[in-house]
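What follows is the content of input.txt (compact mmCIF, C-alpha atoms).
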```txt
# COMPACT_ATOMS: atom_id res chain seq x y z
CA MET J 456 28.36 48.59 20.31
CA TYR J 457 26.37 49.58 23.38
CA ARG J 458 23.57 47.82 25.28
CA GLY J 459 22.53 45.64 22.37
CA ASN J 460 22.83 48.29 19.66
CA VAL J 461 25.36 48.34 16.84
CA CYS J 462 26.68 50.66 14.15
CA ILE J 463 27.19 49.30 10.62
CA ALA J 464 28.80 50.73 7.48
CA GLY J 465 29.96 49.61 4.07
CA TYR J 466 30.67 50.61 0.48
CA ASP J 467 28.29 50.79 -2.44
CA LYS J 468 29.02 49.69 -6.00
CA ASP J 469 30.67 53.05 -6.67
CA ARG J 470 33.03 52.55 -3.71
CA ILE J 471 31.33 55.31 -1.73
CA ALA J 472 31.09 54.86 2.03
CA VAL J 473 27.55 54.42 3.36
CA ARG J 474 26.37 54.12 6.97
CA PRO J 475 22.83 52.74 7.31
CA VAL J 476 21.06 54.40 10.25
CA LEU J 477 17.70 54.20 11.99
CA PRO J 478 15.95 56.63 14.34
CA PRO J 479 16.36 55.97 18.10
CA PRO J 480 16.77 53.41 19.57
CA GLY J 481 18.90 52.64 16.50
CA ILE J 482 20.04 49.30 15.06
CA SER J 483 19.77 46.28 17.33
CA GLU J 484 22.39 43.55 17.28
CA SER J 485 19.63 41.03 16.58
CA SER J 486 19.05 42.67 13.18
CA LEU J 487 22.46 41.37 12.07
CA PHE J 488 20.84 37.91 11.85
CA TYR J 489 18.20 36.20 9.74
CA ASP J 490 16.94 32.75 10.73
CA ASP J 491 19.64 32.67 13.41
CA LYS J 492 22.40 33.11 10.82
CA PRO J 493 24.53 36.27 10.53
CA ILE J 494 23.82 38.27 7.37
CA ILE J 495 25.58 41.54 8.25
CA PHE J 496 29.26 41.16 9.11
CA PRO J 497 32.61 42.37 7.72
CA PHE J 498 33.09 41.53 4.03
CA ALA J 499 29.48 40.48 3.50
CA VAL J 500 27.72 41.83 0.40
CA VAL J 501 24.29 42.94 1.56
CA GLU J 502 21.42 44.81 -0.13
CA PHE J 503 19.53 47.63 1.59
CA ASP J 504 16.61 49.74 0.39
CA PHE J 505 17.65 53.26 1.34
CA THR J 506 14.93 55.85 1.89
CA GLN J 507 16.84 59.12 2.28
CA ALA J 508 20.28 60.56 2.84
CA ASN J 509 20.73 61.96 6.33
CA PRO J 510 24.20 63.57 6.42
CA GLN J 511 25.19 65.32 9.63
CA PRO J 512 28.85 66.37 9.31
CA PRO J 513 31.23 64.83 10.06
CA HIS J 514 28.89 61.81 9.73
CA THR J 515 28.29 62.52 6.06
CA GLU J 516 27.79 58.83 5.18
CA ASP J 517 24.42 58.41 6.95
CA TYR J 518 21.42 56.97 5.08
CA ARG J 519 18.03 55.96 6.47
CA TYR J 520 16.82 52.57 5.26
CA ASP J 521 13.92 50.14 5.41
CA PRO J 522 14.86 47.59 8.11
CA ASN J 523 12.74 44.91 6.39
CA SER J 524 14.71 45.21 3.15
CA ILE J 525 18.02 43.61 4.14
CA ARG J 526 19.17 40.79 1.85
CA PHE J 527 22.41 38.83 2.16
CA ILE J 528 24.07 38.23 -1.23
CA ARG J 529 27.52 36.69 -0.77
CA ILE J 530 30.89 36.98 0.96
CA VAL J 531 33.72 39.06 -0.51
CA LEU J 532 36.76 36.94 -1.34
CA ASN J 533 39.38 39.61 -2.06
CA ARG J 534 39.25 41.41 1.28
CA LYS J 535 42.40 43.47 0.82
CA THR J 536 40.90 45.10 -2.27
CA VAL J 537 37.91 46.31 -0.29
CA LEU J 538 40.13 47.67 2.47
CA GLU J 539 42.25 49.52 -0.07
CA TRP J 540 39.14 51.44 -1.19
CA SER J 541 39.08 53.23 2.15
CA LEU J 542 42.81 53.44 2.88
CA PHE J 543 44.32 56.76 4.00
CA GLU J 544 47.92 57.67 4.73
CA SER J 545 47.20 58.69 8.32
CA VAL J 546 44.45 59.20 10.86
CA GLY J 547 44.54 62.95 10.30
CA ALA J 548 44.10 62.47 6.55
CA ILE J 549 40.79 60.67 7.13
CA PHE J 550 39.04 63.49 8.93
CA GLU J 551 40.75 66.54 7.40
CA GLN J 552 40.32 68.63 10.54
CA PRO J 553 42.46 69.09 13.67
CA ILE J 554 42.45 66.11 16.04
CA GLN J 555 42.15 67.29 19.62
CA SER J 556 43.24 65.38 22.71
CA GLY J 557 42.60 65.39 26.43
CA PRO J 558 40.87 63.25 27.43
CA GLY J 559 41.02 60.86 24.47
CA TYR J 560 41.19 61.94 20.83
CA TYR J 561 38.35 63.75 19.10
CA VAL J 562 37.33 66.15 16.36
CA LEU J 563 34.70 68.84 16.59
CA ASP J 564 31.13 68.04 15.62
CA CYS J 565 29.31 69.66 12.67
CA GLN J 566 32.39 69.88 10.44
CA GLY J 567 34.61 67.67 8.30
CA PRO J 568 34.04 65.69 5.08
CA ARG J 569 33.78 62.16 6.53
CA SER J 570 33.70 60.03 9.65
CA LEU J 571 35.12 56.73 8.37
CA GLY J 572 38.43 55.55 6.97
CA THR J 573 41.13 52.89 7.14
CA ILE J 574 44.83 53.04 7.92
CA GLN J 575 47.76 50.67 8.14
CA PRO J 576 49.70 51.53 11.31
CA ILE J 577 53.46 51.46 11.06
CA GLU J 578 53.76 50.37 14.67
CA ILE J 579 51.53 48.58 17.18
CA THR J 580 52.76 49.61 20.61
CA GLY J 581 50.34 47.60 22.68
CA PHE J 582 46.87 46.13 23.15
CA ILE J 583 45.22 46.93 26.48
CA TYR J 584 42.44 45.50 28.61
CA GLU J 585 40.93 48.03 31.01
CA SER J 586 38.04 47.73 33.44
CA GLY J 587 34.92 49.32 31.98
CA GLU J 588 31.53 50.22 33.34
CA GLU J 589 29.16 47.68 34.89
CA ASP J 590 31.81 44.96 35.28
CA THR J 591 32.65 44.97 31.58
CA TRP J 592 36.01 45.09 29.80
CA ASP J 593 37.21 48.08 27.83
CA TYR J 594 39.56 47.24 24.96
CA ARG J 595 42.05 49.79 23.62
CA LEU J 596 44.97 49.84 21.21
CA ARG J 597 48.11 51.97 21.10
CA PHE J 598 49.61 52.51 17.65
CA LYS J 599 51.56 54.93 15.45
CA ASP J 600 50.31 55.94 12.01
CA ARG J 601 52.37 56.73 8.92
CA GLN J 602 52.44 60.40 9.79
CA GLY J 603 54.29 59.50 12.99
CA ASP J 604 51.42 60.33 15.33
CA PHE J 605 50.65 58.07 18.29
CA TYR J 606 47.11 57.18 19.39
CA LYS J 607 45.40 55.16 22.09
CA LEU J 608 41.87 54.41 20.90
CA LYS J 609 38.91 52.43 22.17
CA ILE J 610 38.06 49.31 20.14
CA THR J 611 34.36 48.99 19.34
CA ASP J 612 34.74 46.21 16.74
CA LEU J 613 32.11 43.61 17.69
CA ALA J 614 34.15 40.63 16.47
CA TRP J 615 37.29 41.74 18.32
CA GLN J 616 35.34 42.32 21.53
CA TYR J 617 33.64 38.93 21.36
CA TYR J 618 36.90 37.20 20.47
CA CYS J 619 38.67 38.77 23.45
CA HIS J 620 35.80 37.89 25.74
CA SER J 621 36.01 34.27 24.60
CA LEU J 622 39.66 34.18 25.67
CA LEU J 623 38.83 35.67 29.06
CA SER J 624 36.02 33.17 29.58
CA HIS J 625 38.60 30.37 29.56
CA ASP J 626 40.12 31.84 32.75
CA ARG J 627 43.40 32.51 31.00
CA ASP J 628 45.86 35.02 32.38
CA ARG J 629 44.89 38.51 31.18
CA ILE J 630 48.50 39.69 30.89
CA LYS J 631 49.38 36.68 28.74
CA ILE J 632 46.34 37.26 26.50
CA THR J 633 47.33 40.90 26.08
CA SER J 634 50.83 39.88 25.04
CA GLU J 635 49.58 37.25 22.59
CA LEU J 636 47.13 39.62 20.89
CA THR J 637 49.75 42.36 20.63
CA THR J 638 52.07 39.83 18.97
CA ILE J 639 49.35 38.82 16.50
CA LEU J 640 48.79 42.43 15.45
CA ARG J 641 52.51 43.16 15.16
CA SER J 642 53.30 40.04 13.12
CA SER J 643 50.35 40.40 10.73
CA ILE J 644 49.47 42.81 7.95
CA THR J 645 47.06 44.85 10.04
CA TYR J 646 44.41 47.30 8.91
CA LEU J 647 42.55 49.51 11.38
CA ARG J 648 39.16 50.94 10.56
CA ILE J 649 38.84 54.33 12.29
CA GLY J 650 35.46 55.98 12.87
CA LEU J 651 33.90 58.80 14.85
CA ALA J 652 31.46 58.41 17.71
CA ARG J 653 28.57 60.84 18.12
CA GLY J 654 28.60 63.70 20.57
CA TRP J 655 27.15 62.76 23.95
CA LYS J 656 25.74 64.48 27.02
CA LYS J 657 29.07 65.30 28.67
CA PHE J 658 30.76 66.47 25.45
CA PRO J 659 28.05 67.17 22.86
CA ASP J 660 30.44 69.03 20.57
CA ARG J 661 33.05 66.25 20.44
CA CYS J 662 33.20 63.23 18.13
CA TYR J 663 35.67 60.80 19.64
CA LEU J 664 37.91 58.61 17.49
CA GLN J 665 37.47 54.87 17.87
CA ILE J 666 38.63 51.67 16.17
CA THR J 667 35.55 50.20 14.56
CA GLY J 668 37.30 47.35 12.77
CA ILE J 669 40.50 45.30 13.07
CA TYR J 670 41.48 43.19 10.07
CA THR J 671 44.62 41.06 9.89
CA PHE J 672 46.30 38.94 7.23
CA PRO J 673 46.47 36.13 8.14
CA ASP J 674 43.01 36.44 9.66
CA TYR J 675 43.06 36.19 13.47
CA LEU J 676 39.44 34.97 13.28
CA LYS J 677 40.37 32.18 10.84
CA GLY J 678 37.29 32.88 8.74
CA LYS J 679 34.85 33.14 11.63
CA THR J 680 32.55 36.05 12.44
CA PHE J 681 31.39 37.65 15.68
CA ALA J 682 28.46 35.21 15.72
CA ASP J 683 30.81 32.25 16.30
CA TYR J 684 31.72 33.70 19.71
CA LEU J 685 28.24 34.47 21.01
CA SER J 686 28.27 31.42 23.29
CA HIS J 687 30.99 33.12 25.35
CA GLN J 688 28.87 36.19 26.09
CA THR J 689 27.01 36.65 29.34
```

Can you dump the structure from the file as structure tokens?
Amino acid sequence: MYRGNVCIAGYDKDRIAVRPVLPPPGISESSLFYDDKPIIFPFAVVEFDFTQANPQPPHTEDYRYDPNSIRFIRIVLNRKTVLEWSLFESVGAIFEQPIQSGPGYYVLDCQGPRSLGTIQPIEITGFIYESGEEDTWDYRLRFKDRQGDFYKLKITDLAWQYYCHSLLSHDRDRIKITSELTTILRSSITYLRIGLARGWKKFPDRCYLQITGIYTFPDYLKGKTFADYLSHQT
């Protein structure tokens, strides 16, 4: 998600959310591969050897693991079933604590039962490209959840970011790309994975909401993963 590091999460056999974590500097993007092939990506079944639970509310899903233990097993075929395991009625229902705003949307650190969940928005109001730091692009999405609340959240989904960057690398018009991607999300059955960032230096007591996964039916990636778009990165 940031300077070569990523955040990963999944569900165990009991359908309980688990976020594998490592001490600083964290999980490198390169660890998503084995023999130059991706082994950790959405809807992959992967084995980890966990060493200890490390819950820090609201990030109650955290588990330390042995980084040499990762084993790819297979790909999940019924993707909607997996998404339904984590589906909530609204963004607020995921975190079960007041969602603050200004700037952005956040909940307070050190409280709350979870930091991950999935929703189906009832309205996509627009996908946005914005200029980010260090000549990068910042991707955000405006949507309304089933409770009727509107949000504009940063997209940290690696596949979505790489896919968007691949479109930009073809020197296509940014406004046209924005319109096309908004249309894709509106015309598809769209699930949004919502997660919480960690507190940071400027706001150590705030955990900002972000979109950690975008899944559409039909699949906008057409079966590909983030790794298929690496050639477009600089």

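Shortest atom-to-atom contact with Ser524 in chain J among J:Ile649, J:Val501, J:Ile630, J:Ile549: J:Val501, counting all atoms listed in the file.
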
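Relative to CA of Arg519 in chain J, CA of Ile495 in chain J is found at 16.4 Å.
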
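Rounded to one decimal, CA of Leu647 in chain J and CA of Gln602 in chain J lie 14.8 Å from each other.
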
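Atom pair CA of Arg569 in chain J / CA of Leu477 in chain J: separated by 18.8 Å.
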
Using only C-alpha atoms, list the residues that have an atom at most 12 Å from (26.0, 36.0, -3.8), coordinates as in the file, as a list of chain:residue names. J:Ile494, J:Phe498, J:Ala499, J:Val500, J:Val501, J:Glu502, J:Arg526, J:Phe527, J:Ile528, J:Arg529, J:Ile530, J:Val531, J:Leu532

One residue among J:Ser621, J:Gln555, J:Ser570, J:Thr680 is nearest to Lys492 in chain J when using only C-alpha atoms, and that residue is J:Thr680

The residue from J:Pro558, J:Trp540, J:Pro659, J:Arg629 with the smallest atom-to-atom distance to Tyr584 in chain J, counting only C-alpha atoms, is J:Arg629

12 Å contact set for Ala548 in chain J, all atoms listed in the file, chain neighbours under 3 positions out, as an NGL selection string: :J and (541-545 or 551-554 or 567-574 or 600-602 or 604 or 649)

With only C-alpha atoms as the counted atoms, please give the residues lying no more than 9 Å from Ala682 in chain J, apart from itself and same-chain residues fewer than 6 positions off, as a PyMOL selection string. chain J and resi 488+492-493+496+614+617

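Closest approach to Leu685 in chain J among J:Gln616, J:Tyr518, J:Tyr670, J:Pro480 is made by J:Gln616 (distances from only C-alpha atoms).
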
Near Asn460 in chain J, counting all atoms listed in the file, which residues have an atom at most 12 Å away, once you skip same-chain residues fewer than 2 positions from it, shown as number ranges by chain? J: 456-458, 462-463, 476-477, 479-487, 611, 613

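The shortest atom-to-atom distance to Glu539 in chain J, with all atoms listed in the file taken into account, belongs to J:Arg648 out of J:Arg648, J:Arg627, J:His514, J:Arg595.
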
Point out the residue among J:Gly678, J:Pro513, J:Gly581, J:Gly459 with the least atom-to-atom distance to Phe598 in chain J, counting only C-alpha atoms. J:Gly581

Who sits within 12 Å of range 561-566 of chain J, only C-alpha atoms, same chain under 4 positions skipped, as an NGL selection string: :J and (510-515 or 546-547 or 549-557 or 570 or 606-609 or 649-655 or 658-665)

Can I get the selection written as a PDB file, keeping the file's coordinate frame, with C-alpha atoms?
```pdb
ATOM      1  CA  PRO J 510      24.200  63.570   6.420  1.00  0.00           C
ATOM      2  CA  GLN J 511      25.190  65.320   9.630  1.00  0.00           C
ATOM      3  CA  PRO J 512      28.850  66.370   9.310  1.00  0.00           C
ATOM      4  CA  PRO J 513      31.230  64.830  10.060  1.00  0.00           C
ATOM      5  CA  HIS J 514      28.890  61.810   9.730  1.00  0.00           C
ATOM      6  CA  THR J 515      28.290  62.520   6.060  1.00  0.00           C
ATOM      7  CA  VAL J 546      44.450  59.200  10.860  1.00  0.00           C
ATOM      8  CA  GLY J 547      44.540  62.950  10.300  1.00  0.00           C
ATOM      9  CA  ILE J 549      40.790  60.670   7.130  1.00  0.00           C
ATOM     10  CA  PHE J 550      39.040  63.490   8.930  1.00  0.00           C
ATOM     11  CA  GLU J 551      40.750  66.540   7.400  1.00  0.00           C
ATOM     12  CA  GLN J 552      40.320  68.630  10.540  1.00  0.00           C
ATOM     13  CA  PRO J 553      42.460  69.090  13.670  1.00  0.00           C
ATOM     14  CA  ILE J 554      42.450  66.110  16.040  1.00  0.00           C
ATOM     15  CA  GLN J 555      42.150  67.290  19.620  1.00  0.00           C
ATOM     16  CA  SER J 556      43.240  65.380  22.710  1.00  0.00           C
ATOM     17  CA  GLY J 557      42.600  65.390  26.430  1.00  0.00           C
ATOM     18  CA  SER J 570      33.700  60.030   9.650  1.00  0.00           C
ATOM     19  CA  TYR J 606      47.110  57.180  19.390  1.00  0.00           C
ATOM     20  CA  LYS J 607      45.400  55.160  22.090  1.00  0.00           C
ATOM     21  CA  LEU J 608      41.870  54.410  20.900  1.00  0.00           C
ATOM     22  CA  LYS J 609      38.910  52.430  22.170  1.00  0.00           C
ATOM     23  CA  ILE J 649      38.840  54.330  12.290  1.00  0.00           C
ATOM     24  CA  GLY J 650      35.460  55.980  12.870  1.00  0.00           C
ATOM     25  CA  LEU J 651      33.900  58.800  14.850  1.00  0.00           C
ATOM     26  CA  ALA J 652      31.460  58.410  17.710  1.00  0.00           C
ATOM     27  CA  ARG J 653      28.570  60.840  18.120  1.00  0.00           C
ATOM     28  CA  GLY J 654      28.600  63.700  20.570  1.00  0.00           C
ATOM     29  CA  TRP J 655      27.150  62.760  23.950  1.00  0.00           C
ATOM     30  CA  PHE J 658      30.760  66.470  25.450  1.00  0.00           C
ATOM     31  CA  PRO J 659      28.050  67.170  22.860  1.00  0.00           C
ATOM     32  CA  ASP J 660      30.440  69.030  20.570  1.00  0.00           C
ATOM     33  CA  ARG J 661      33.050  66.250  20.440  1.00  0.00           C
ATOM     34  CA  CYS J 662      33.200  63.230  18.130  1.00  0.00           C
ATOM     35  CA  TYR J 663      35.670  60.800  19.640  1.00  0.00           C
ATOM     36  CA  LEU J 664      37.910  58.610  17.490  1.00  0.00           C
ATOM     37  CA  GLN J 665      37.470  54.870  17.870  1.00  0.00           C
TER      38      GLN J 665
END
```
